[in-house]
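Text of the file upload.cif, holding mmCIF, C-alpha atoms (C1' of nucleotides):
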data_model
#
loop_
_atom_site.label_atom_id
_atom_site.label_comp_id
_atom_site.auth_asym_id
_atom_site.auth_seq_id
_atom_site.Cartn_x
_atom_site.Cartn_y
_atom_site.Cartn_z
CA MET A 1 -19.13 -171.92 69.03
CA GLN A 2 -16.70 -169.77 67.05
CA ASN A 3 -15.51 -168.49 70.40
CA LEU A 4 -13.56 -171.72 70.77
CA LEU A 5 -11.74 -170.78 67.60
CA PHE A 6 -11.16 -167.13 68.48
CA ASP A 7 -9.86 -168.03 71.93
CA PHE A 8 -7.41 -170.38 70.27
CA ILE A 9 -6.28 -167.84 67.66
CA SER A 10 -5.87 -165.14 70.28
CA LYS A 11 -2.94 -167.11 71.70
CA TYR A 12 -1.05 -166.27 68.52
CA VAL A 13 -2.38 -162.99 67.09
CA SER A 14 -5.12 -160.52 68.00
CA LEU A 15 -7.98 -160.16 65.55
CA THR A 16 -10.04 -157.06 64.77
CA GLU A 17 -13.83 -157.31 64.69
CA ASP A 18 -13.55 -156.98 60.94
CA GLU A 19 -11.29 -160.00 60.74
CA LYS A 20 -13.50 -162.03 63.05
CA ASN A 21 -16.57 -161.20 60.98
CA SER A 22 -14.72 -162.18 57.86
CA ILE A 23 -14.05 -165.60 59.35
CA THR A 24 -17.58 -166.06 60.65
CA SER A 25 -19.10 -165.08 57.30
CA LEU A 26 -17.18 -167.87 55.58
CA ASP A 27 -19.68 -170.36 56.99
CA ILE A 28 -17.14 -173.11 57.54
CA PHE A 29 -18.51 -174.76 60.67
CA ARG A 30 -19.86 -178.27 60.25
CA THR A 31 -21.37 -180.76 62.69
CA ILE A 32 -20.62 -184.38 61.80
CA LYS A 33 -22.09 -187.59 63.21
CA LYS A 34 -19.90 -190.26 64.81
CA GLY A 35 -18.74 -192.81 62.28
CA THR A 36 -19.04 -190.55 59.25
CA THR A 37 -16.24 -190.96 56.74
CA LEU A 38 -14.82 -187.62 55.60
CA LEU A 39 -12.34 -188.96 53.08
CA LYS A 40 -11.72 -192.35 51.48
CA GLU A 41 -8.60 -193.93 50.11
CA GLY A 42 -8.21 -193.15 46.42
CA GLN A 43 -10.33 -190.00 46.61
CA LYS A 44 -9.11 -186.53 45.80
CA SER A 45 -10.20 -183.71 48.05
CA ASN A 46 -9.55 -180.05 48.74
CA GLU A 47 -10.74 -180.02 52.31
CA GLY A 48 -8.67 -179.24 55.35
CA TYR A 49 -10.11 -179.94 58.81
CA PHE A 50 -9.78 -178.29 62.17
CA VAL A 51 -11.47 -179.90 65.17
CA LEU A 52 -13.43 -177.61 67.48
CA LYS A 53 -15.06 -180.41 69.45
CA GLY A 54 -14.89 -184.19 69.16
CA CYS A 55 -12.35 -186.45 67.53
CA ILE A 56 -11.42 -187.60 64.06
CA ARG A 57 -8.88 -190.22 62.97
CA THR A 58 -6.86 -191.12 59.91
CA TYR A 59 -6.43 -194.76 58.99
CA TYR A 60 -5.19 -197.03 56.27
CA ILE A 61 -6.60 -200.39 55.23
CA ILE A 62 -3.66 -202.73 54.77
CA ASP A 63 -4.30 -206.40 54.00
CA GLY A 64 -7.91 -205.86 55.03
CA GLU A 65 -6.88 -204.48 58.42
CA GLU A 66 -7.53 -200.98 59.66
CA LYS A 67 -4.36 -199.21 60.77
CA THR A 68 -5.11 -196.03 62.66
CA THR A 69 -2.17 -193.63 62.51
CA ALA A 70 -3.44 -190.39 63.99
CA PHE A 71 -6.15 -188.84 66.13
CA TYR A 72 -7.12 -185.18 66.03
CA THR A 73 -9.02 -183.71 68.95
CA GLU A 74 -9.98 -180.25 70.19
CA MET A 75 -7.92 -177.43 68.58
CA GLU A 76 -5.99 -179.78 66.32
CA GLY A 77 -6.16 -179.69 62.55
CA LEU A 78 -4.92 -181.48 59.48
CA THR A 79 -4.57 -180.76 55.83
CA PRO A 80 -4.61 -184.20 54.18
CA HIS A 81 -1.61 -185.11 52.09
CA CYS A 82 -3.85 -185.46 49.03
CA VAL A 83 -4.78 -181.77 49.30
CA ILE A 84 -1.14 -180.72 49.39
CA ASN A 85 0.08 -182.80 46.49
CA LYS A 86 -3.18 -183.06 44.52
CA ALA A 87 -3.01 -186.84 44.33
CA PRO A 88 -5.50 -189.54 45.42
CA SER A 89 -5.53 -190.04 49.18
CA GLY A 90 -3.58 -192.93 50.68
CA TYR A 91 -5.79 -193.02 53.76
CA TYR A 92 -9.27 -192.65 55.19
CA ILE A 93 -10.48 -190.00 57.60
CA SER A 94 -13.49 -190.56 59.82
CA CYS A 95 -15.19 -189.30 62.95
CA VAL A 96 -14.54 -191.18 66.18
CA GLU A 97 -17.23 -189.13 67.94
CA ASP A 98 -19.89 -186.59 67.01
CA THR A 99 -17.62 -183.76 65.95
CA ILE A 100 -17.74 -180.04 65.19
CA LEU A 101 -15.27 -179.14 62.46
CA ILE A 102 -14.01 -176.19 60.52
CA VAL A 103 -13.75 -177.22 56.89
CA THR A 104 -11.44 -175.18 54.69
CA ASN A 105 -10.20 -175.29 51.11
CA PRO A 106 -7.16 -173.77 49.38
CA ASP A 107 -9.11 -171.17 47.36
CA MET A 108 -10.76 -169.86 50.47
CA GLU A 109 -7.40 -169.75 52.21
CA ALA A 110 -5.80 -167.88 49.34
CA ASP A 111 -8.60 -165.30 49.43
CA SER A 112 -8.29 -164.66 53.12
CA PHE A 113 -4.48 -164.60 52.98
CA ASN A 114 -4.90 -161.89 50.37
CA LYS A 115 -7.34 -159.88 52.41
CA PHE A 116 -5.57 -160.46 55.73
CA PRO A 117 -1.87 -161.27 55.37
CA LYS A 118 -1.91 -161.77 59.13
CA PHE A 119 -3.73 -165.07 58.53
CA GLU A 120 -0.92 -166.39 56.44
CA SER A 121 1.55 -165.44 59.17
CA LEU A 122 -0.60 -167.29 61.67
CA CYS A 123 -0.72 -170.38 59.48
CA ARG A 124 3.04 -170.34 58.97
CA VAL A 125 3.68 -170.10 62.70
CA LEU A 126 1.13 -172.81 63.45
CA SER A 127 2.50 -175.23 60.93
CA GLU A 128 6.11 -174.64 61.95
CA GLU A 129 5.13 -175.22 65.55
CA LEU A 130 3.23 -178.33 64.59
CA LEU A 131 6.13 -179.60 62.53
CA ALA A 132 8.51 -179.30 65.49
CA LYS A 133 6.01 -180.96 67.85
CA GLN A 134 5.38 -183.72 65.35
CA GLN A 135 9.10 -184.37 65.06
CA ILE A 136 9.46 -184.74 68.84
CA ASN A 137 6.52 -187.14 68.76
CA PHE A 138 8.15 -189.23 66.08
CA ASP A 139 11.44 -189.17 67.98
CA GLU A 140 9.74 -190.48 71.10
CA PHE A 141 8.06 -193.20 69.10
CA LYS A 142 11.33 -194.35 67.58
CA THR A 143 13.29 -194.32 70.79
CA SER A 144 10.84 -196.23 72.96
CA SER A 145 9.24 -199.66 73.26
CA PRO A 146 5.51 -200.30 72.80
CA GLU A 147 5.13 -200.47 76.58
CA GLN A 148 6.89 -197.13 77.06
CA ARG A 149 4.80 -195.62 74.27
CA TYR A 150 1.62 -196.73 75.99
CA LEU A 151 2.72 -195.32 79.33
CA ASN A 152 3.74 -192.13 77.56
CA LEU A 153 0.32 -191.82 75.95
CA LEU A 154 -1.29 -192.40 79.33
CA GLN A 155 0.62 -189.33 80.54
CA LYS A 156 0.22 -187.07 77.55
CA ARG A 157 -3.24 -187.81 76.21
CA PRO A 158 -5.09 -189.79 78.89
CA ASP A 159 -8.40 -188.75 77.31
CA LEU A 160 -7.59 -190.71 74.13
CA ILE A 161 -7.42 -193.98 76.04
CA GLN A 162 -10.93 -193.32 77.32
CA ARG A 163 -12.60 -192.07 74.17
CA VAL A 164 -11.04 -194.34 71.55
CA PRO A 165 -11.50 -198.14 70.98
CA GLN A 166 -8.54 -200.32 72.00
CA HIS A 167 -7.90 -201.78 68.56
CA GLN A 168 -7.56 -198.28 67.11
CA LEU A 169 -5.18 -197.32 69.89
CA ALA A 170 -3.12 -200.43 69.22
CA SER A 171 -2.21 -199.51 65.67
CA TYR A 172 -1.65 -195.93 66.81
CA LEU A 173 0.98 -197.44 69.13
CA GLY A 174 2.36 -199.51 66.28
CA ILE A 175 1.24 -202.93 67.59
CA LYS A 176 -1.61 -205.46 67.34
CA PRO A 177 -4.70 -205.30 69.59
CA GLN A 178 -3.71 -208.59 71.27
CA SER A 179 -0.33 -207.15 72.13
CA LEU A 180 -1.92 -204.07 73.65
CA SER A 181 -4.17 -206.27 75.80
CA ARG A 182 -1.20 -208.32 76.96
CA LEU A 183 0.93 -205.25 77.57
CA ARG A 184 -1.79 -203.68 79.70
CA ALA A 185 -2.14 -206.88 81.70
CA ARG A 186 1.65 -206.91 82.17
CA ILE A 187 1.67 -203.33 83.45
CA HIS A 188 -1.25 -204.02 85.78
CA GLU A 189 0.56 -207.09 87.09
CA LYS A 190 3.71 -205.07 87.79
CA SER A 191 1.87 -202.30 89.62
CA LYS A 192 0.20 -204.82 91.92
CA ARG A 193 3.53 -206.28 93.06
CA MET B 1 26.90 -172.12 45.64
CA GLN B 2 23.77 -170.04 46.22
CA ASN B 3 22.59 -171.32 42.85
CA LEU B 4 21.66 -174.55 44.58
CA LEU B 5 19.34 -172.54 46.79
CA PHE B 6 17.84 -170.40 44.04
CA ASP B 7 17.16 -173.44 41.88
CA PHE B 8 15.33 -175.00 44.79
CA ILE B 9 13.32 -171.87 45.57
CA SER B 10 12.39 -171.41 41.91
CA LYS B 11 10.28 -174.57 42.17
CA TYR B 12 7.94 -172.66 44.44
CA VAL B 13 8.16 -168.92 43.61
CA SER B 14 10.16 -166.78 41.19
CA LEU B 15 12.56 -164.30 42.72
CA THR B 16 13.58 -160.88 41.38
CA GLU B 17 17.25 -159.95 41.23
CA ASP B 18 16.55 -157.62 44.13
CA GLU B 19 15.25 -160.48 46.23
CA LYS B 20 18.13 -162.72 45.31
CA ASN B 21 20.62 -160.03 46.25
CA SER B 22 18.86 -159.53 49.52
CA ILE B 23 19.34 -163.20 50.33
CA THR B 24 22.94 -163.29 49.21
CA SER B 25 23.80 -160.18 51.23
CA LEU B 26 22.59 -161.86 54.41
CA ASP B 27 25.81 -163.86 54.49
CA ILE B 28 24.22 -166.99 55.86
CA PHE B 29 26.29 -169.65 54.13
CA ARG B 30 28.53 -171.74 56.37
CA THR B 31 30.90 -174.61 55.69
CA ILE B 32 31.12 -177.10 58.55
CA LYS B 33 33.56 -179.97 59.14
CA LYS B 34 32.38 -183.52 59.55
CA GLY B 35 31.76 -184.40 63.18
CA THR B 36 31.12 -180.83 64.31
CA THR B 37 28.32 -180.51 66.86
CA LEU B 38 25.92 -177.68 65.99
CA LEU B 39 23.67 -177.98 69.03
CA LYS B 40 23.91 -179.85 72.34
CA GLU B 41 21.24 -181.18 74.65
CA GLY B 42 20.30 -178.57 77.23
CA GLN B 43 21.45 -175.65 75.07
CA LYS B 44 19.23 -172.88 73.85
CA SER B 45 19.68 -171.68 70.29
CA ASN B 46 18.10 -169.47 67.68
CA GLU B 47 19.57 -171.14 64.66
CA GLY B 48 17.65 -172.87 61.92
CA TYR B 49 19.54 -174.97 59.39
CA PHE B 50 19.08 -175.71 55.72
CA VAL B 51 21.44 -178.20 54.06
CA LEU B 52 22.88 -177.18 50.69
CA LYS B 53 25.42 -179.99 50.55
CA GLY B 54 26.30 -182.80 52.96
CA CYS B 55 24.33 -184.32 55.82
CA ILE B 56 23.44 -183.47 59.40
CA ARG B 57 21.66 -185.58 62.00
CA THR B 58 19.69 -185.10 65.20
CA TYR B 59 20.24 -187.51 68.08
CA TYR B 60 19.44 -188.05 71.71
CA ILE B 61 21.65 -189.65 74.33
CA ILE B 62 19.46 -192.03 76.32
CA ASP B 63 21.07 -194.24 78.99
CA GLY B 64 24.44 -193.36 77.51
CA GLU B 65 23.38 -194.52 74.05
CA GLU B 66 23.13 -192.34 70.98
CA LYS B 67 19.70 -192.53 69.35
CA THR B 68 19.69 -190.95 65.92
CA THR B 69 16.18 -189.87 64.96
CA ALA B 70 16.62 -187.84 61.77
CA PHE B 71 18.96 -187.11 58.89
CA TYR B 72 18.84 -183.97 56.78
CA THR B 73 20.51 -183.97 53.39
CA GLU B 74 20.57 -181.73 50.30
CA MET B 75 17.67 -179.24 50.17
CA GLU B 76 16.27 -180.29 53.54
CA GLY B 77 16.07 -178.03 56.55
CA LEU B 78 15.09 -178.02 60.18
CA THR B 79 14.21 -175.46 62.79
CA PRO B 80 15.07 -177.16 66.08
CA HIS B 81 12.27 -177.53 68.58
CA CYS B 82 14.23 -175.40 71.08
CA VAL B 83 14.10 -172.46 68.66
CA ILE B 84 10.34 -172.74 68.30
CA ASN B 85 9.47 -173.02 71.96
CA LYS B 86 12.47 -171.14 73.43
CA ALA B 87 13.37 -173.99 75.78
CA PRO B 88 16.61 -175.99 76.20
CA SER B 89 17.12 -178.52 73.44
CA GLY B 90 16.22 -182.15 74.05
CA TYR B 91 18.64 -183.34 71.41
CA TYR B 92 22.00 -182.89 69.71
CA ILE B 93 22.63 -181.89 66.11
CA SER B 94 25.86 -182.74 64.35
CA CYS B 95 27.42 -183.08 60.93
CA VAL B 96 27.65 -186.57 59.45
CA GLU B 97 29.81 -185.23 56.58
CA ASP B 98 31.55 -181.99 55.64
CA THR B 99 28.49 -179.86 55.09
CA ILE B 100 27.46 -176.53 53.56
CA LEU B 101 24.60 -174.99 55.48
CA ILE B 102 22.38 -171.96 55.47
CA VAL B 103 22.08 -170.75 59.04
CA THR B 104 19.08 -168.58 59.87
CA ASN B 105 17.60 -166.97 62.96
CA PRO B 106 14.11 -165.67 63.77
CA ASP B 107 15.05 -161.97 63.73
CA MET B 108 16.57 -162.29 60.31
CA GLU B 109 13.51 -164.16 59.14
CA ALA B 110 11.16 -161.53 60.53
CA ASP B 111 13.12 -158.81 58.70
CA SER B 112 13.00 -160.53 55.36
CA PHE B 113 9.34 -161.50 55.79
CA ASN B 114 8.72 -157.80 56.30
CA LYS B 115 10.68 -156.75 53.29
CA PHE B 116 9.48 -159.58 51.06
CA PRO B 117 6.13 -161.06 52.16
CA LYS B 118 6.66 -163.58 49.39
CA PHE B 119 9.26 -165.26 51.63
CA GLU B 120 6.75 -165.88 54.35
CA SER B 121 4.38 -167.40 51.80
CA LEU B 122 7.19 -169.62 50.63
CA CYS B 123 7.96 -170.72 54.18
CA ARG B 124 4.31 -171.45 54.91
CA VAL B 125 3.97 -173.57 51.80
CA LEU B 126 7.22 -175.39 52.51
CA SER B 127 6.37 -176.19 56.09
CA GLU B 128 2.85 -177.34 55.25
CA GLU B 129 4.28 -179.55 52.56
CA LEU B 130 6.89 -180.87 54.95
CA LEU B 131 4.30 -181.49 57.63
CA ALA B 132 2.21 -183.63 55.29
CA LYS B 133 5.27 -185.54 54.08
CA GLN B 134 6.45 -186.05 57.63
CA GLN B 135 3.05 -187.43 58.60
CA ILE B 136 3.16 -189.98 55.77
CA ASN B 137 6.62 -190.96 56.95
CA PHE B 138 5.42 -191.50 60.48
CA ASP B 139 2.44 -193.47 59.19
CA GLU B 140 4.73 -195.77 57.23
CA PHE B 141 6.92 -196.24 60.27
CA LYS B 142 3.98 -197.19 62.48
CA THR B 143 2.39 -199.56 60.00
CA SER B 144 5.48 -201.56 59.11
CA SER B 145 8.03 -203.91 60.67
CA PRO B 146 11.73 -203.05 61.07
CA GLU B 147 12.51 -205.23 58.05
CA GLN B 148 9.91 -203.45 55.91
CA ARG B 149 11.19 -200.11 57.14
CA TYR B 150 14.71 -201.02 56.08
CA LEU B 151 13.57 -202.15 52.64
CA ASN B 152 11.51 -199.00 52.35
CA LEU B 153 14.54 -196.86 53.18
CA LEU B 154 16.54 -198.77 50.60
CA GLN B 155 13.96 -197.64 48.03
CA LYS B 156 13.42 -194.08 49.14
CA ARG B 157 16.81 -192.90 50.34
CA PRO B 158 19.39 -195.42 49.13
CA ASP B 159 22.09 -192.76 49.50
CA LEU B 160 21.60 -192.69 53.28
CA ILE B 161 22.53 -196.35 53.62
CA GLN B 162 25.82 -195.57 51.89
CA ARG B 163 26.77 -192.35 53.59
CA VAL B 164 25.68 -193.03 57.17
CA PRO B 165 27.14 -195.48 59.78
CA GLN B 166 25.02 -198.59 60.47
CA HIS B 167 24.52 -197.94 64.16
CA GLN B 168 23.08 -194.51 63.36
CA LEU B 169 20.79 -196.03 60.76
CA ALA B 170 19.65 -198.63 63.28
CA SER B 171 18.17 -196.15 65.74
CA TYR B 172 16.73 -194.22 62.80
CA LEU B 173 14.86 -197.46 62.00
CA GLY B 174 13.88 -197.83 65.65
CA ILE B 175 16.06 -200.88 66.41
CA LYS B 176 19.48 -201.87 67.81
CA PRO B 177 22.58 -202.11 65.61
CA GLN B 178 22.78 -205.87 66.20
CA SER B 179 19.21 -206.26 65.00
CA LEU B 180 19.97 -204.30 61.85
CA SER B 181 22.96 -206.54 61.12
CA ARG B 182 20.85 -209.64 61.63
CA LEU B 183 17.99 -208.28 59.58
CA ARG B 184 20.32 -207.47 56.70
CA ALA B 185 21.78 -210.98 56.86
CA ARG B 186 18.23 -212.36 56.83
CA ILE B 187 17.27 -210.36 53.75
CA HIS B 188 20.46 -211.34 51.97
CA GLU B 189 19.78 -214.98 52.82
CA LYS B 190 16.25 -214.75 51.42
CA SER B 191 17.34 -213.13 48.15
CA LYS B 192 19.88 -215.89 47.55
CA ARG B 193 17.23 -218.63 47.79
"C1'" DA C 1 -35.75 -213.17 71.72
"C1'" DT C 2 -32.32 -214.75 68.91
"C1'" DA C 3 -28.81 -214.58 65.68
"C1'" DA C 4 -24.84 -212.15 63.87
"C1'" DC C 5 -21.11 -208.99 64.82
"C1'" DT C 6 -17.82 -206.38 67.07
"C1'" DC C 7 -14.70 -205.89 70.70
"C1'" DG C 8 -11.58 -206.99 74.16
"C1'" DT C 9 -9.13 -210.64 76.41
"C1'" DT C 10 -6.63 -214.93 76.94
"C1'" DC C 11 -3.80 -218.88 75.45
"C1'" DA C 12 -0.36 -221.64 72.96
"C1'" DC C 13 2.87 -221.23 69.62
"C1'" DT C 14 6.09 -218.81 66.30
"C1'" DT C 15 9.05 -215.24 65.06
"C1'" DA C 16 11.87 -211.45 65.63
"C1'" DA C 17 13.98 -207.99 68.46
"C1'" DG C 18 16.73 -206.98 72.92
"C1'" DT C 19 20.80 -208.29 75.59
"C1'" DT C 20 25.32 -209.70 76.58
"C1'" DA C 21 29.55 -211.01 74.99
"C1'" DA C 22 33.22 -211.88 71.76
"C1'" DG C 23 35.85 -211.14 67.85
"C1'" DA C 24 36.93 -209.33 63.09
"C1'" DA C 25 37.40 -205.26 60.18
"C1'" DA C 26 37.95 -200.53 59.42
"C1'" DT C 27 39.37 -195.99 61.00
"C1'" DG C 28 42.07 -192.59 63.25
"C1'" DA C 29 45.88 -190.73 66.12
"C1'" DG C 30 50.39 -190.57 67.41
"C1'" DC D 1 53.37 -198.26 60.80
"C1'" DT D 2 51.32 -199.51 65.01
"C1'" DC D 3 48.18 -199.18 68.72
"C1'" DA D 4 43.75 -197.85 70.22
"C1'" DT D 5 39.20 -197.00 69.17
"C1'" DT D 6 35.15 -197.36 66.70
"C1'" DT D 7 32.21 -199.98 63.84
"C1'" DC D 8 30.14 -204.04 62.24
"C1'" DT D 9 29.04 -208.80 62.56
"C1'" DT D 10 27.99 -213.23 64.78
"C1'" DA D 11 26.22 -216.18 68.37
"C1'" DA D 12 23.52 -217.85 72.42
"C1'" DC D 13 20.02 -216.69 75.26
"C1'" DT D 14 15.97 -213.81 76.95
"C1'" DT D 15 12.00 -211.21 76.24
"C1'" DA D 16 8.25 -209.45 73.87
"C1'" DA D 17 5.51 -208.92 69.75
"C1'" DG D 18 3.00 -211.47 65.85
"C1'" DT D 19 -0.31 -215.19 64.74
"C1'" DG D 20 -4.32 -218.05 64.90
"C1'" DA D 21 -7.89 -219.57 67.60
"C1'" DA D 22 -11.31 -219.47 71.13
"C1'" DC D 23 -14.36 -217.27 74.49
"C1'" DG D 24 -17.46 -214.09 76.81
"C1'" DA D 25 -19.61 -209.46 76.96
"C1'" DG D 26 -21.85 -206.03 74.70
"C1'" DT D 27 -24.21 -204.23 70.53
"C1'" DT D 28 -27.10 -204.29 66.42
"C1'" DA D 29 -30.19 -206.22 63.33
"C1'" DT D 30 -33.89 -209.25 62.25
#
Written form, C-alpha cells:
Amino acid sequence: MQNLLFDFISKYVSLTEDEKNSITSLDIFRTIKKGTTLLKEGQKSNEGYFVLKGCIRTYYIIDGEEKTTAFYTEMEGLTPHCVINKAPSGYYISCVEDTILIVTNPDMEADSFNKFPKFESLCRVLSEELLAKQQINFDEFKTSSPEQRYLNLLQKRPDLIQRVPQHQLASYLGIKPQSLSRLRARIHEKSKR
Amino acid sequence: MQNLLFDFISKYVSLTEDEKNSITSLDIFRTIKKGTTLLKEGQKSNEGYFVLKGCIRTYYIIDGEEKTTAFYTEMEGLTPHCVINKAPSGYYISCVEDTILIVTNPDMEADSFNKFPKFESLCRVLSEELLAKQQINFDEFKTSSPEQRYLNLLQKRPDLIQRVPQHQLASYLGIKPQSLSRLRARIHEKSKR
DNA sequence: ATAACTCGTTCACTTAAGTTAAGAAATGAG
DNA sequence: CTCATTTCTTAACTTAAGTGAACGAGTTAT
C-alpha cells in the first residue's frame, strides 16, 4: 500500500531505505468507509489528508444546501484551511467512496522536516506546483461557461463524472443540479444533430 | 524600499543581518512602468514576481478578448505556471500601475535555499498558506452569484475597484463589462430604495 | 411489502447574464 | 487644443441559469 506513496514521491526525489522506514513507522495510513465525515464546519483540526485510493470532497452548507467545491482523488492531498490558520473550519470534508488516506499533523511534519530536510523541499515543490495548477484551474473556471466547464471536466477528469453523484458535480461546476441536467440534455441534443 | 520586504518576512521568520544583506546583494528590485508587459502568451520564462508596490495582472486573450484572471498587489507574489512546468505560458502578465517588483529565478532561489535553509521553510509556509487562501477564494467564487462576488470584492479588496479598469474587473468576476455595469446600476438602485 | 427518502430529470416561469449596437465620458497622442 | 482611442454606460433582444413543483426510479428503513 505504501508503494503507491513511494512511487509518487519518487517522481520528485529519491528516498533512502532509512527515509522510507521513517515514513512507514509513522503509522499514518487509514482506511475510511464511504460517507464518513472527516471534518465538520466549526470544528478545529490539525489533520492534513492525502488520498492513496478513493475520493474525498469538501463542501459547505449554505442556506441548508450542500455546495461541493472540491474533490480529491488518488495522489491528491489537502491541508484544510482551518489547520493553516488555526481557526474553526468553514467547510465539511467527507468520503465519497471507501478511501485509503494518509493522515498527517503539523507536529509530525515538523519532526520529519527536522530529521529529513529533503521532505520539506519536497513539500515546498509540491505545494508550489499545486498552487500554479490550482490557479490555471480557477482561470479556466472564470473564463468559461457552465457548459464549457462541464465539457472540460469530461476531458480532464472523466472518472469524476462516473464516481460522483450529479448534484455534487453541479455545485462543483458552480450551478444547480437542474441546470446540470438541462445542460447535459442540451449537449446530447446537439451531438445527435 | 527593501524595508517593505523585511517587514513582511518578519511576520514569518526573523532574519539575521547576514541574511538580510544576502537578499539585498542579490539586486532583485525592479521598477516597472505602467502598461509594461512582463510575460506574453507562448513565451517561456524563469521569472517569479513579488509586488512591493503597485499592481500587476495576469490575462488571457480568448477570441480576441482580454480575460483578466488575477491581480497581484502589495506583498503578493506569483510564480507563473510556465516557470513551474517549463512550458510556454498560457497567459500574459502586465503592470496595471507603475510597480516595484522583486524578480526571482529558480537558480537564484536554489542558491539561497542552500545557503539559508530558513528561506525554503519560509517559501513552503507561504505557499501552503497561499494555497489554502486561494482555495477559499475559489470556493467563494463557485458558491456565489456575480452580484455577490462583486459585493464580496467590495468588502475584501475595495482598493482594486478604485485602481483597476472596470472591464478588467469584469472578467476577474467572471462576467462581461456590460453585465458589471448593469449589476452596479442594479445594486445602486436597490440601495436607494 | 410498503412507506419514506434520495436522486435525477423534466417543465413552466422568472431572473440575470450574453450579445449587439450606439453613444457619452475620459484618456492619450500629436 | 483637437482628434482618435479607450472606457464605461445604456438599451433591446437572446440565451441560459435559477426557482418551484412534480414525477419516476432506485434505495433504505420499518
* I need the residue set behind the PyMOL selection byres ((chain C) within 12 of (chain B)) for this file; please write it as a VMD selection string. => chain C and resid 16 to 20 26
* Asked: chain A residues within 10 Å of chain B, counting only C-alpha atoms: which ones, as a ChimeraX atom specification?
  -> /A:58-60,62,67-70,78-85,90-91,113,117,120-145,171-175
* **Polymer residues at most 10 Å from Pro165 of chain B, all atoms listed in the file, same-chain spacing of 2 or more positions, as a PyMOL selection string** => (chain B and resi 96+160-163+167-170+177) or (chain D and resi 7-8)
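Counting from atom CA of Lys33 of chain A, the distance to atom C1' of DG8 of chain C is 24.6 Å.
Residue membership of the PyMOL selection byres ((chain C and resi 7) around 10) in the shown file amounts to Pro165, Gln166 and His167 of chain A; DC5, DT6, DG8 and DT9 of chain C; DA25, DG26 and DT27 of chain D.
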* To do: Would you translate the PyMOL selection byres ((chain D and resi 2) around 12) into the concrete set of residues it matches in this file, as a PyMOL selection string?
  => (chain C and resi 28-30) or (chain D and resi 1+3-4)
Please produce an output containing C-alpha atoms (C1' of nucleotides) for each residue in the selection, written as a JSON list (two decimals), in the frame of the given file.
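Final file, out.json:
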[["chain", "number", "residue", "atom", "x", "y", "z"],
["C", 28, "DG", "C1'", 42.07, -192.59, 63.25],
["C", 29, "DA", "C1'", 45.88, -190.73, 66.12],
["C", 30, "DG", "C1'", 50.39, -190.57, 67.41],
["D", 1, "DC", "C1'", 53.37, -198.26, 60.80],
["D", 3, "DC", "C1'", 48.18, -199.18, 68.72],
["D", 4, "DA", "C1'", 43.75, -197.85, 70.22]]
